[in-house]
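Worksheet for the structure shown next.
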Amino acid sequence: VMKLRLEADRRAMSVAAAEHAASSLRRVIAQSGKARVVAATGASQLDFLQALTALTGIEWARVELFHLDEYVGIPDTHPASFRRYLHDNLIDKTSIRTYHFLDGTGHVEDVMRDVGRELSRAPIDIMFAGIGENGHLAFNDPPADFETTDPYILVNLDEMCRQQQVGE
């Protein structure tokens, strides 16, 4: 059952989502001793991550973090790097020690295989993600391949999808 929640503005929604995420993290960690989390990036996540990392009582050292996607060929020093984004907005503000990043400068197929293997070792407990204005989740723009069972796939965005991503 999906619950729909409306808030007055983006900031209020981010705070509400952060409180829900924190509650979920605390519950999962209390039940299983750890939490496996996938985090998305983007402008829609900034207020959420700021609110989430300001909350107390989360045993961040028990979180194993995966990230959703990355640009091919962009080093983690680049301002558009999602690895950099997650360091700046989540890892460096918490005590997360275990994380698996998609290195867009590495051998892409090896990176996808290795991180995908780690991701597939156990179920994911929580995902922090926003849905784009055109319905995209990460780089899976409609019409995306939602039938694949591969944890990570290489996608080539057409010009319209690239502009959609930049605009958000």
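Within each chain, counting starts at residue 1; across the structure tokens, chains are named A, B, ... in the order shown, with ligands numbered 1 upward in that order.
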Item to check | Nearby residues (only C-alpha atoms) at most 7 Å from A:Thr98, same-chain spacing under 3 positions excluded, as a ChimeraX atom specification | outcome: /A:63-65
Checklist entry - Which parts of stretch 52-114 of chain A does DSSP call helix (DSSP H, G or I) when run on the backbone here, written out as a list of chain:residue names? => result A:Leu52, A:Thr53, A:Ala54, A:Trp60, A:Ala61, A:Arg62, A:Phe82, A:Arg83, A:Arg84, A:Tyr85, A:Leu86, A:His87, A:Asp88, A:Asn89, A:Ile91, A:Asp92, A:Lys93, A:Val108, A:Glu109, A:Asp110, A:Val111, A:Met112, A:Arg113, A:Asp114
Item to check | Contacts of A:Gly73 at 10 Å (only C-alpha atoms; same-chain gap of 2+ positions) as a ChimeraX atom specification | outcome: /A:70-71,75-76,81,103-108
Item to check | Residue with smallest distance to A:His67 - pool A:Arg10, A:Ala39, A:Pro151, A:Ala54, counting only C-alpha atoms | outcome: A:Ala39
Item to check | Atom pair atom CA of A:Ser95 / atom CA of A:Glu109: separation (Å) | outcome: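 That distance, rounded to one decimal, is 29.6 Å.
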Next on the checklist: Please extract the residues of stretch 12-141 of chain A with a backbone DSSP assignment of strand (DSSP E or B) and present them as a ChimeraX atom specification.
Outcome noted: /A:35-39,63-67,98-100,126-128,137,140
Item to check | Exercise: A:Asn89 partners within 8 Å, only C-alpha atoms, chain neighbours under 3 positions left out, as number ranges by chain | outcome: A: 46, 49-50, 85-86, 92-93
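Every protein or nucleic acid residue with an atom no more than 8 Å from A:Tyr152, counting only C-alpha atoms and leaving out same-chain residues fewer than 2 positions away, appears here: Met112, Arg113, Gly116, Asp150 and Leu154 of chain A.
In this model, the gap between atom CA of A:Thr149 and atom CA of A:Ile131 comes to 20.2 Å.
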Checklist entry - A:Asp114, A:Ala61, A:Phe128, A:Leu102: which is nearest A:His20, counting only C-alpha atoms? => result A:Phe128
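Of the listed residues (A:Ser14, A:Thr94, A:Asn156, A:Ser120), A:Ser14 comes nearest to A:Phe48; the distances count only C-alpha atoms.
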Next on the checklist: Applying 8 Å and only C-alpha atoms, which residues near A:Ile29 remain after dropping the ones on its own chain fewer than 6 positions away? List them as a list of chain:residue names.
Outcome noted: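 The filter keeps A:Ala35, A:Glu59, A:Arg62.
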Checklist entry - By how many Å are atom CA of A:Phe66 and atom CA of A:Arg121 apart? => result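 Straight-line distance from atom CA of A:Phe66 to atom CA of A:Arg121 works out to 12.2 Å.
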Checklist entry - Which of these, A:Ala51, A:Ile153, A:Val111, A:Ile96, has the shortest distance to A:Arg36 once you count only C-alpha atoms? => result A:Ile96
